[in-house]
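Undergrad: Pasting in a structure now, in structure tokens, and then I'll have a few things to ask.
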Amino acid sequence: MRVLGISAYYHDAAAALIVDGAVTAAAQEERFTRVKHDKRFPINALRFCLRRAGLTPADLDAVVFYDKPALKFQRLVQTHLAFAPRGLGTFLDAQTSWLGDKLFQRRALKRLLQQELSAEVDWSQKLFFSEHHLSHAASAFYPSPFETAAILTMDGVGEWTTTSLALGRGNDIRIIREIHSPHSLGLL
């Protein structure tokens, strides 16, 4: 199976290509654009990964984005409602970006993949979204030498999760426990 992973629109945009369970190529967009922490769609990194592996866009079985924007939007709305009317200005400023781009990420990514990689591929059948902390867990566990491992992820916040404990076994990762926003060591 050939899976292309994409991280973009927050910081350090990147792409990684996994072929039959092994990382074949990976690159951050800043390597090509020379823009530190470049957050834009990583088209140069995607092309590099495909070129490095000798693959075409049609050869890909899946393209996976690192989080689920609709769940993240739900968290933002619920957080605002819990503290309203305080923070209304900040919330409204953020909504311009969310309502314009991020909430409709599937459509935007499909369009970019068609324009920048291949209009011949039906990206809607190959485009998937992973939960943010599961993406972190996978990036730590799958390339590791361990057949079984406990996996701890901690960051500011993903969709809702700020910390997760998972069990990795073979090709499976099972989330055992999560801590949700606003409780976050990563935001200290």
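By convention here, the chains of the structure tokens are called A, B, ... in the order presented, each chain's residues are numbered starting at 1, and ligands are numbered starting at 1 in the order presented.
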As an NGL selection string, please: every residue in range 54-184 of chain A that a backbone DSSP assignment puts in strand (DSSP E).
TA: :A and (62-65 or 127-129 or 148-154 or 161-169 or 172-180)
Undergrad: Considering only C-alpha atoms, return as a list in words whatever protein or nucleic-acid residues lie within 7 Å of range 24-36 of chain A, sequence-local ones (same chain, fewer than 4 positions apart) excluded.
TA: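 My list of contacting residues is Asp12, Ala13, Ala14, Ala15, Ala16, Leu17, Ile18, Val19, Pro42, Asn44, Ala45, Cys49, Arg52 and Ala53 of chain A.
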Undergrad: Selection from above, C-alpha atoms, as a PDB file, in the first residue's frame, can you write it?
TA:
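Wrote selection_36.pdb, looks like this:
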```pdb
ATOM      1  CA  ASP A  12       6.031  23.208   9.473  1.00  0.00           C
ATOM      2  CA  ALA A  13       4.085  21.843   6.490  1.00  0.00           C
ATOM      3  CA  ALA A  14       5.422  18.482   5.348  1.00  0.00           C
ATOM      4  CA  ALA A  15       4.754  15.331   3.382  1.00  0.00           C
ATOM      5  CA  ALA A  16       5.732  11.718   3.955  1.00  0.00           C
ATOM      6  CA  LEU A  17       5.350   8.687   1.726  1.00  0.00           C
ATOM      7  CA  ILE A  18       4.858   5.249   3.236  1.00  0.00           C
ATOM      8  CA  VAL A  19       5.158   2.249   0.935  1.00  0.00           C
ATOM      9  CA  PRO A  42       3.438  21.300   0.817  1.00  0.00           C
ATOM     10  CA  ASN A  44       7.095  20.767  -3.297  1.00  0.00           C
ATOM     11  CA  ALA A  45       7.460  18.194  -0.522  1.00  0.00           C
ATOM     12  CA  CYS A  49       8.314  12.261  -2.129  1.00  0.00           C
ATOM     13  CA  ARG A  52      12.111   9.946  -4.694  1.00  0.00           C
ATOM     14  CA  ALA A  53       9.973   6.789  -4.769  1.00  0.00           C
TER      15      ALA A  53
END
```
Undergrad: Need the shell around Thr161 in chain A: protein/DNA/RNA residues with any atom at most 9 Å away, counting only C-alpha atoms. Skip same-chain ones fewer than 5 positions apart. Format as number ranges by chain?
TA: A: 132-133, 154-156, 178-184
Undergrad: Fewer than 6 positions away in the same chain doesn't count, so skip those; otherwise give me all residues within 7 Å of Tyr9 in chain A, counting only C-alpha atoms, as a PyMOL selection string.
TA: chain A and resi 39-41
Undergrad: DSSP on the backbone, then: every residue of range 3-122 of chain A marked alpha helix (DSSP H), written as a ChimeraX atom specification.
TA: /A:30-33,43-53,69-83,88-100,105-116
Undergrad: Mind checking which residues fall within 9 Å of Ala138 in chain A, counting only C-alpha atoms, ignoring those fewer than 5 positions away in the same chain, and posting them as a PyMOL selection string?
TA: chain A and resi 133+143+151+168+173
Undergrad: Emit the selected residues as a PDB file, in the first residue's frame, including N, CA and C atoms.
TA:
```pdb
ATOM      1  N   HIS A 133      -3.899  13.341  17.261  1.00  0.00           N
ATOM      2  CA  HIS A 133      -3.025  12.594  18.176  1.00  0.00           C
ATOM      3  C   HIS A 133      -2.756  11.178  17.679  1.00  0.00           C
ATOM      4  N   PRO A 143       7.580   3.744  12.648  1.00  0.00           N
ATOM      5  CA  PRO A 143       8.985   3.591  12.256  1.00  0.00           C
ATOM      6  C   PRO A 143       9.885   3.032  13.368  1.00  0.00           C
ATOM      7  N   ILE A 151       2.374   4.252  23.849  1.00  0.00           N
ATOM      8  CA  ILE A 151       2.628   5.485  23.093  1.00  0.00           C
ATOM      9  C   ILE A 151       1.971   6.643  23.833  1.00  0.00           C
ATOM     10  N   GLY A 168       0.401   0.409  20.893  1.00  0.00           N
ATOM     11  CA  GLY A 168       0.720   0.003  19.532  1.00  0.00           C
ATOM     12  C   GLY A 168       1.099  -1.461  19.528  1.00  0.00           C
ATOM     13  N   ILE A 173      -2.937   0.614  16.303  1.00  0.00           N
ATOM     14  CA  ILE A 173      -2.769   1.534  17.428  1.00  0.00           C
ATOM     15  C   ILE A 173      -4.140   1.737  18.046  1.00  0.00           C
TER      16      ILE A 173
END
```
Undergrad: Which neighbours of Val63 in chain A fall inside 7 Å, counting only C-alpha atoms, when residues of the same chain fewer than 3 positions from it are skipped, and could you give them as a short mmCIF file (atom, residue, chain, number, x, y, z; two decimals) with N, CA and C atoms, in the first residue's frame?
TA:
```cif
data_model
loop_
_atom_site.label_atom_id
_atom_site.label_comp_id
_atom_site.auth_asym_id
_atom_site.auth_seq_id
_atom_site.Cartn_x
_atom_site.Cartn_y
_atom_site.Cartn_z
N VAL A 3 0.87 5.22 0.76
CA VAL A 3 0.11 6.27 1.46
C VAL A 3 0.95 7.53 1.54
N LEU A 4 0.36 8.64 1.11
CA LEU A 4 1.02 9.93 1.19
C LEU A 4 0.39 10.72 2.33
N GLY A 5 1.19 11.10 3.32
CA GLY A 5 0.70 11.88 4.45
C GLY A 5 1.00 13.35 4.26
N LYS A 126 -9.58 8.78 -2.52
CA LYS A 126 -8.29 8.48 -1.90
C LYS A 126 -7.94 9.38 -0.73
N LEU A 127 -8.76 10.39 -0.47
CA LEU A 127 -8.44 11.40 0.55
C LEU A 127 -9.09 11.05 1.88
N PHE A 128 -8.26 10.97 2.94
CA PHE A 128 -8.73 10.60 4.27
C PHE A 128 -8.18 11.58 5.30
#
```
Undergrad: Check the smallest atom-to-atom distance from each of A:Lys110, A:Arg2, A:Phe146, A:Asp67 to Leu50 in chain A using only C-alpha atoms, then report the winner.
TA: A:Arg2
Undergrad: When you draw a straight line from CA of Arg107 in chain A to CA of Val121 in chain A, how long is it in Å?
TA: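 CA of Val121 in chain A lies 14.5 Å from CA of Arg107 in chain A.
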Undergrad: Check the smallest atom-to-atom distance from each of A:Pro85, A:Pro69, A:Gly158, A:Gly170 to Arg106 in chain A using only C-alpha atoms, then report the winner.
TA: A:Pro69
Undergrad: Take CA of Thr90 in chain A and CA of Ala8 in chain A and report the distance between them in Å, one decimal.
TA: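 If I compute the distance from CA of Thr90 in chain A to CA of Ala8 in chain A, I get 22.2 Å.
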Undergrad: One decimal, Å: what's the distance from CA of Phe73 in chain A over to CA of Ala94 in chain A, could you say?
TA: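 Calculated distance between CA of Phe73 in chain A and CA of Ala94 in chain A is 10.2 Å.
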Undergrad: Kindly indicate which residue among A:Gly89, A:Leu81, A:Glu131, A:His37 lies nearest to Tyr10 in chain A, using only C-alpha atoms for the distances.
TA: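 Comparing A:Gly89, A:Leu81, A:Glu131, A:His37 against Tyr10 in chain A, the winner is A:His37.
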